[in-house]
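J.: One structure, pasted below without further comment.
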Amino acid sequence: TGPETVSPTGQPTGADQARVAQSGAYLTTAQGTRLYDTDHSLKAGARGPVLLQDHHLREKITHFDHERIPERVVHARGAAAHGVFRGYGTAAGVCRAAFLGKDVETPVFVRFSTVLGSRGSADTVRDTRGFATKFYTSEGTFDLVGNNIPVFFVQDAIKFPDIVHAGKPHPDREIPQAQSAHDTFWDFVTLHTEATHHTLWNMSDRGIPRSYRMMEGFGVHTFRLVDADGGTTLAKFHWKPKLGVHSLVWEEAQIINGVDPDFHRRDLADAIEAGAYPQWELGIQTFPDTPEQTFEGIDLLDPTNIVPEELAPVQPIGLLTLNANPSNFFAETEQVAFHPGHLVPGIDITDDPLLSGRLFSYLDTQISRLGGPNFAQIPINRPHAPVNDMLRDGMHQTAVHRGVAPYRPNSLDGGCPFLAGADTGAYVETPVQVPAAKKVREAPVSFADHFSQPRLFWLSMSPVEREHIIGAYTFELGKCYEQAIKERGLRVLANIDSELCRRVAEGLGLPAPEPTVPLAEVAPSPALSQVGRTWPAQ
Ligand code: HEM
């Protein structure tokens, strides 16, 4: 499958090229010429100078010199697996996507990652984890590019470079936040109080998962689902691990970082190799698609919010099973390119400003990371649905397109490819009403409450989970060099809960400040405190 290719010389093309690069019994140059020696440079005499005319030496070293590609600007460290997704058919009432149909099986590729560390960093650091799934559906590729934490640090994508600059290793000494330098991260998240909710999740046990197999996943944003009649429903996606949600404790995580920095990567690969295939149920929370796009007073376009499962239960819609390890890390795990804009009929976006920026960012970064605009032709990125596009040429073009008329309409090439309609599988955007409004650079008033949901999370924690959170804040803020940042951190905690603030202040040896906003009145959500428990009950 993939772009239709022909080879004028009759050689295999596309996926078969991998086989071509490793066929035949003899070692050859890249041009197929057989080699008699690959251990010695061509020299003038056994001890003589090396000759420039040694093509094999130059080819071997030149190729090696270019083996590395840039690592991802975020989520550089990851591990991935192949699998299958089986729809339950239970989403049919709200979503027309074919892959969600009853017993429809769709191949998938899932990449888990940390966010801030480089490609060679350790697995069990305190961080958010990526959970990105590529569904190779019959209607085109759908990517659900999520995290293991259901909220995000910033409400607007224009601030994404800022949070990432603040979280990456210090620019002067290149010391990662997770070791001894913490000032930039805490500087940012205490100045931007919208980051409080995500940071609190990071400081909880969710920030140090036991295994990729034991994490929840979240699409974070609210999406718009479209049914067969064009009716719409707002929804949030959830992955629920069959093994339950489990975490490490901080001391374990630190020891494992030193003893086995590949702990999560190894755990995933070993489990699959042993036949203990990890499974997750995909579920949706659904909300009426009203003009306000709110639910029980919660702004559904604000990615720093969750909707408690007590208010909107997660309804299971399918089962993911990971059952095969990649055969080549670079070809698959490193070159896979996810994009939140890879959507299929039945799944549409909302106006969440964080999502809007993401729709631009992924394609843009992949053009430089994967060397040009043709990375959809890399085997791991090829759709399993037929492709017939008018995209031509460019760096790393491997398809040999036929015809002379890659434009529409045309009267050559025996006629244009057909345009589909909604009834023949076209992706048709939902005709949502756009409000008449002035252009402004500002956030809506409904994005202003930064503390109610963090307080909800804190109050939902069990006593032992609270101890872990207190310990994490005390450790992390304690690593800041700047006293002013520690004090500002305590002012943020005072607005979540006075006990949390008091205990961390005690640990830091600083006075506990008073809250600057009234502490929100919220009812704890037992469903938020899932660590060490199994879902669904087994
Ligand atoms: C990569 C999730 C917000 C830019 C990733 C990956 C995940 C992810 C899982 C790794 C994909 C992989 O395994 O290859 C999320 C989530 C977000 C979010 C859940 C918020 C809800 C953003 C925003 C931006 C952004 C706001 C930019 C405006 C990127 C970039 C990459 C990336 C540039 C690297 C992609 C690549 O090189 O292939 N993100 N992200 N992300 N994300 Fe995000």
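Chains: A, B, ... in order of the structure tokens. Residues: from 1 per chain. Ligands: from 1, in order shown.
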Would you mind listing the residues within 7 Å of ligand 1, counting only C-alpha atoms and all ligand atoms, as a ChimeraX atom specification?
T.: /A:72-75,78,111-113,130-132,145-147,151-152,157-158,160,219-221,303,336-338,354-355,357-358,361-362,365-366,369
J.: Give me the residues within 8 Å of Thr90 of chain A as a PyMOL selection string, counting only C-alpha atoms and dropping any in the same chain fewer than 6 places off.
T.: chain A and resi 100-102+316-317
J.: Limited to N, CA and C atoms, could you put the picked residues into a file as an mmCIF file, in the first residue's frame?
T.:
```cif
data_model
loop_
_atom_site.group_PDB
_atom_site.id
_atom_site.type_symbol
_atom_site.label_atom_id
_atom_site.label_comp_id
_atom_site.auth_asym_id
_atom_site.auth_seq_id
_atom_site.Cartn_x
_atom_site.Cartn_y
_atom_site.Cartn_z
ATOM 1 N N LEU A 100 -14.169 2.448 14.428
ATOM 2 C CA LEU A 100 -14.815 2.237 15.728
ATOM 3 C C LEU A 100 -15.981 1.250 15.624
ATOM 4 N N GLY A 101 -16.239 0.764 14.395
ATOM 5 C CA GLY A 101 -17.337 -0.181 14.188
ATOM 6 C C GLY A 101 -17.117 -1.493 14.936
ATOM 7 N N LYS A 102 -18.220 -2.212 15.172
ATOM 8 C CA LYS A 102 -18.141 -3.440 15.966
ATOM 9 C C LYS A 102 -17.209 -4.461 15.305
ATOM 10 N N PRO A 316 -16.482 2.820 27.353
ATOM 11 C CA PRO A 316 -15.513 2.055 26.541
ATOM 12 C C PRO A 316 -16.000 1.903 25.095
ATOM 13 N N ILE A 317 -15.075 2.135 24.135
ATOM 14 C CA ILE A 317 -15.468 2.030 22.721
ATOM 15 C C ILE A 317 -14.545 1.108 21.920
#
```
J.: Within 9 Å of Asp103 of chain A, counting only C-alpha atoms, which residues qualify if same-chain residues fewer than 6 places away don't, as an MDAnalysis selection string?
T.: chainID A and resid 86:89 318
J.: Rounded to one decimal place, report the atom CA of Glu309 of chain A-atom CA of Ser529 of chain A distance in Å.
T.: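 Separation of atom CA of Glu309 of chain A and atom CA of Ser529 of chain A: 11.2 Å.
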J.: Which neighbours of Pro444 of chain A fall inside 10 Å, counting only C-alpha atoms, when residues of the same chain fewer than 3 positions from it are skipped, and could you give them as a list in words?
T.: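 In the requested form, the answer reads Asp299, Asp302, Arg441, Phe447 and Ala448 of chain A.
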J.: Just want the 7 Å neighbourhood of segment 225-241 of chain A, counted on only C-alpha atoms, with same-chain residues fewer than 2 positions away dropped. Output as number ranges by chain.
T.: A: 93-96, 213-223, 243-245, 279-289, 346-348, 535
J.: Next, write the just-selected residues to a file, as a JSON list (two decimals), in the first residue's frame, keeping N, CA and C atoms as the atom set.
T.:
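Contents of again03.json, freshly written:
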```json
[["chain", "number", "residue", "atom", "x", "y", "z"],
["A", 93, "GLY", "N", -23.36, 5.49, 17.81],
["A", 93, "GLY", "CA", -24.40, 6.50, 17.96],
["A", 93, "GLY", "C", -23.88, 7.92, 17.89],
["A", 94, "VAL", "N", -22.58, 8.12, 18.17],
["A", 94, "VAL", "CA", -22.03, 9.48, 18.18],
["A", 94, "VAL", "C", -20.93, 9.71, 17.15],
["A", 95, "CYS", "N", -20.38, 8.62, 16.59],
["A", 95, "CYS", "CA", -19.21, 8.80, 15.71],
["A", 95, "CYS", "C", -19.27, 7.83, 14.54],
["A", 96, "ARG", "N", -19.13, 8.38, 13.34],
["A", 96, "ARG", "CA", -19.25, 7.53, 12.15],
["A", 96, "ARG", "C", -17.93, 6.89, 11.73],
["A", 213, "ARG", "N", 3.06, 0.17, 30.38],
["A", 213, "ARG", "CA", 1.88, -0.70, 30.30],
["A", 213, "ARG", "C", 0.85, -0.36, 31.37],
["A", 214, "MET", "N", 1.23, 0.47, 32.32],
["A", 214, "MET", "CA", 0.37, 0.75, 33.47],
["A", 214, "MET", "C", 0.05, 2.24, 33.57],
["A", 215, "MET", "N", -0.05, 2.88, 32.42],
["A", 215, "MET", "CA", -0.40, 4.30, 32.40],
["A", 215, "MET", "C", -1.74, 4.50, 31.72],
["A", 216, "GLU", "N", -2.47, 5.50, 32.18],
["A", 216, "GLU", "CA", -3.61, 5.95, 31.39],
["A", 216, "GLU", "C", -3.10, 6.85, 30.26],
["A", 217, "GLY", "N", -3.92, 7.07, 29.26],
["A", 217, "GLY", "CA", -3.60, 8.02, 28.21],
["A", 217, "GLY", "C", -4.79, 8.94, 28.01],
["A", 218, "PHE", "N", -4.51, 10.15, 27.57],
["A", 218, "PHE", "CA", -5.59, 11.13, 27.40],
["A", 218, "PHE", "C", -5.37, 11.93, 26.12],
["A", 219, "GLY", "N", -6.43, 12.15, 25.37],
["A", 219, "GLY", "CA", -6.34, 13.03, 24.20],
["A", 219, "GLY", "C", -6.25, 14.49, 24.61],
["A", 220, "VAL", "N", -6.49, 14.79, 25.86],
["A", 220, "VAL", "CA", -6.44, 16.12, 26.50],
["A", 220, "VAL", "C", -7.52, 17.06, 25.95],
["A", 221, "HIS", "N", -7.42, 17.43, 24.69],
["A", 221, "HIS", "CA", -8.38, 18.40, 24.13],
["A", 221, "HIS", "C", -9.77, 17.79, 24.05],
["A", 222, "THR", "N", -10.76, 18.66, 23.92],
["A", 222, "THR", "CA", -12.09, 18.20, 23.56],
["A", 222, "THR", "C", -12.16, 18.12, 22.03],
["A", 223, "PHE", "N", -12.63, 17.00, 21.53],
["A", 223, "PHE", "CA", -12.81, 16.81, 20.09],
["A", 223, "PHE", "C", -14.31, 16.86, 19.76],
["A", 243, "LEU", "N", -3.99, -3.38, 32.98],
["A", 243, "LEU", "CA", -3.20, -3.75, 34.16],
["A", 243, "LEU", "C", -3.41, -2.79, 35.32],
["A", 244, "GLY", "N", -4.24, -1.76, 35.13],
["A", 244, "GLY", "CA", -4.42, -0.76, 36.18],
["A", 244, "GLY", "C", -3.32, 0.29, 36.11],
["A", 245, "VAL", "N", -3.48, 1.34, 36.92],
["A", 245, "VAL", "CA", -2.52, 2.45, 36.93],
["A", 245, "VAL", "C", -1.57, 2.24, 38.11],
["A", 279, "GLN", "N", -2.67, -4.19, 27.18],
["A", 279, "GLN", "CA", -3.95, -3.81, 26.58],
["A", 279, "GLN", "C", -4.50, -2.55, 27.25],
["A", 280, "TRP", "N", -5.16, -1.76, 26.46],
["A", 280, "TRP", "CA", -5.86, -0.59, 26.98],
["A", 280, "TRP", "C", -7.25, -0.55, 26.35],
["A", 281, "GLU", "N", -8.22, -0.09, 27.14],
["A", 281, "GLU", "CA", -9.51, 0.19, 26.54],
["A", 281, "GLU", "C", -9.54, 1.66, 26.15],
["A", 282, "LEU", "N", -10.04, 1.93, 24.94],
["A", 282, "LEU", "CA", -10.27, 3.32, 24.56],
["A", 282, "LEU", "C", -11.67, 3.69, 25.04],
["A", 283, "GLY", "N", -11.79, 4.86, 25.66],
["A", 283, "GLY", "CA", -13.10, 5.30, 26.12],
["A", 283, "GLY", "C", -13.32, 6.76, 25.77],
["A", 284, "ILE", "N", -14.57, 7.17, 25.80],
["A", 284, "ILE", "CA", -14.88, 8.59, 25.57],
["A", 284, "ILE", "C", -15.79, 9.11, 26.68],
["A", 285, "GLN", "N", -15.53, 10.35, 27.05],
["A", 285, "GLN", "CA", -16.51, 11.11, 27.82],
["A", 285, "GLN", "C", -17.23, 11.98, 26.79],
["A", 286, "THR", "N", -18.53, 12.03, 26.85],
["A", 286, "THR", "CA", -19.25, 12.82, 25.84],
["A", 286, "THR", "C", -20.04, 13.96, 26.50],
["A", 287, "PHE", "N", -20.17, 15.04, 25.74],
["A", 287, "PHE", "CA", -20.86, 16.24, 26.22],
["A", 287, "PHE", "C", -21.69, 16.81, 25.08],
["A", 288, "PRO", "N", -22.85, 17.37, 25.38],
["A", 288, "PRO", "CA", -23.65, 17.97, 24.30],
["A", 288, "PRO", "C", -22.87, 19.10, 23.62],
["A", 289, "ASP", "N", -23.00, 19.18, 22.29],
["A", 289, "ASP", "CA", -22.30, 20.22, 21.52],
["A", 289, "ASP", "C", -23.13, 21.49, 21.53],
["A", 346, "GLY", "N", -15.69, 11.63, 10.94],
["A", 346, "GLY", "CA", -16.32, 11.27, 12.21],
["A", 346, "GLY", "C", -15.60, 11.90, 13.39],
["A", 347, "ILE", "N", -14.35, 12.35, 13.19],
["A", 347, "ILE", "CA", -13.60, 12.97, 14.28],
["A", 347, "ILE", "C", -13.11, 14.33, 13.80],
["A", 348, "ASP", "N", -13.54, 15.37, 14.49],
["A", 348, "ASP", "CA", -13.21, 16.74, 14.08],
["A", 348, "ASP", "C", -12.61, 17.47, 15.28],
["A", 535, "TRP", "N", -8.64, -0.72, 36.64],
["A", 535, "TRP", "CA", -9.85, -0.26, 35.96],
["A", 535, "TRP", "C", -9.96, -0.99, 34.66]]
```
J.: Could you check the closest approach to Phe85 of chain A for each of A:Lys134, A:Thr294, A:Leu510, A:Lys43 and tell me which residue wins, using only C-alpha atoms?
T.: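 Of all the options, A:Lys134 lies closest to Phe85 of chain A.
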J.: Within segment 323-497 of chain A, find each residue whose DSSP state, derived from the backbone, is helix (DSSP H, G or I), and express the selection as a PyMOL selection string.
T.: chain A and resi 330-334+353-369+375-377+379-381+422-424+445-447+452-460+463-478+483-494
J.: Generate a file of the selected residues that holds C-alpha atoms, formatted as a compact mmCIF listing (two decimals), in the first residue's frame.
T.:
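Written out: part.txt:
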```
# COMPACT_ATOMS: atom_id res chain seq x y z
CA PHE A 330 15.35 3.91 13.67
CA ALA A 331 13.03 2.92 10.82
CA GLU A 332 9.95 2.73 13.02
CA THR A 333 10.22 4.35 16.47
CA GLU A 334 12.48 7.20 15.40
CA PRO A 353 -6.25 27.35 21.07
CA LEU A 354 -3.65 24.80 22.17
CA LEU A 355 -4.93 22.31 19.61
CA SER A 356 -4.94 24.97 16.86
CA GLY A 357 -1.21 25.57 17.37
CA ARG A 358 -0.47 21.86 17.43
CA LEU A 359 -2.16 21.48 14.06
CA PHE A 360 0.57 23.71 12.63
CA SER A 361 3.54 22.55 14.68
CA TYR A 362 3.88 18.82 14.01
CA LEU A 363 4.05 18.93 10.22
CA ASP A 364 6.37 21.91 10.41
CA THR A 365 8.85 20.26 12.76
CA GLN A 366 8.76 16.95 10.89
CA ILE A 367 9.80 18.66 7.64
CA SER A 368 13.12 19.50 9.25
CA ARG A 369 13.38 16.39 11.46
CA PHE A 375 8.14 11.52 5.05
CA ALA A 376 4.65 10.08 4.57
CA GLN A 377 6.39 7.68 2.16
CA PRO A 379 7.11 2.73 5.52
CA ILE A 380 6.00 3.35 9.13
CA ASN A 381 4.16 6.52 8.08
CA ALA A 422 -19.44 12.72 2.52
CA ASP A 423 -21.26 9.58 1.33
CA THR A 424 -18.13 8.22 -0.39
CA VAL A 445 -12.61 35.07 31.02
CA SER A 446 -13.53 31.39 31.39
CA PHE A 447 -9.79 30.48 31.26
CA SER A 452 -10.27 25.02 41.49
CA GLN A 453 -9.21 21.97 39.52
CA PRO A 454 -5.80 21.60 41.20
CA ARG A 455 -7.66 21.73 44.52
CA LEU A 456 -10.10 19.08 43.25
CA PHE A 457 -7.13 16.87 42.37
CA TRP A 458 -5.42 17.41 45.74
CA LEU A 459 -8.60 16.70 47.73
CA SER A 460 -9.15 13.51 45.72
CA PRO A 463 -3.27 10.19 52.50
CA VAL A 464 -0.26 8.30 51.10
CA GLU A 465 -0.63 9.99 47.71
CA ARG A 466 -0.67 13.37 49.47
CA GLU A 467 2.55 12.49 51.29
CA HIS A 468 4.18 11.71 47.94
CA ILE A 469 3.03 15.06 46.51
CA ILE A 470 4.34 16.98 49.53
CA GLY A 471 7.66 15.13 49.23
CA ALA A 472 7.90 15.87 45.51
CA TYR A 473 7.26 19.63 45.87
CA THR A 474 9.68 19.85 48.78
CA PHE A 475 12.40 18.02 46.80
CA GLU A 476 11.86 19.92 43.54
CA LEU A 477 11.44 23.43 44.95
CA GLY A 478 14.30 22.68 47.31
CA GLN A 483 14.87 31.97 47.11
CA ALA A 484 12.26 34.14 45.33
CA ILE A 485 11.16 31.18 43.19
CA LYS A 486 10.69 28.93 46.23
CA GLU A 487 8.59 31.64 47.88
CA ARG A 488 6.49 32.13 44.75
CA GLY A 489 6.03 28.34 44.59
CA LEU A 490 4.62 28.40 48.12
CA ARG A 491 2.23 31.22 47.19
CA VAL A 492 0.86 29.00 44.41
CA LEU A 493 0.45 26.06 46.80
CA ALA A 494 -1.37 28.32 49.30
```
J.: Do you know which residues are at most 9 Å from Thr193 of chain A counting only C-alpha atoms, after dropping those on the same chain fewer than 3 positions away, and could you put them as a list in words?
T.: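 Once the nearby chain positions are removed, what remains is Phe153, Phe188, Val189, Thr190, Thr196, His197, His450, Phe451 and Val492 of chain A.
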J.: Which is closest to Arg266 of chain A among A:Thr38, A:Thr199, A:Asn325, A:Gln293, if we use only C-alpha atoms?
T.: A:Asn325
J.: Kindly give the distance, in Å, that separates atom CA of Glu67 of chain A and atom CA of Met395 of chain A, rounded to a single decimal.
T.: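 It comes out at 16.8 Å.
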J.: What's around segment 433-436 of chain A at 9 Å? Count only C-alpha atoms, leave out sequence neighbours fewer than 2 positions away in its own chain, and write the answer as an MDAnalysis selection string.
T.: chainID A and resid 291 431 438
J.: Mind giving me the straight-line distance from atom CA of Phe185 of chain A to atom CA of Asp162 of chain A in Å, one decimal?
T.: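 Atom CA of Asp162 of chain A lies 9.9 Å from atom CA of Phe185 of chain A.
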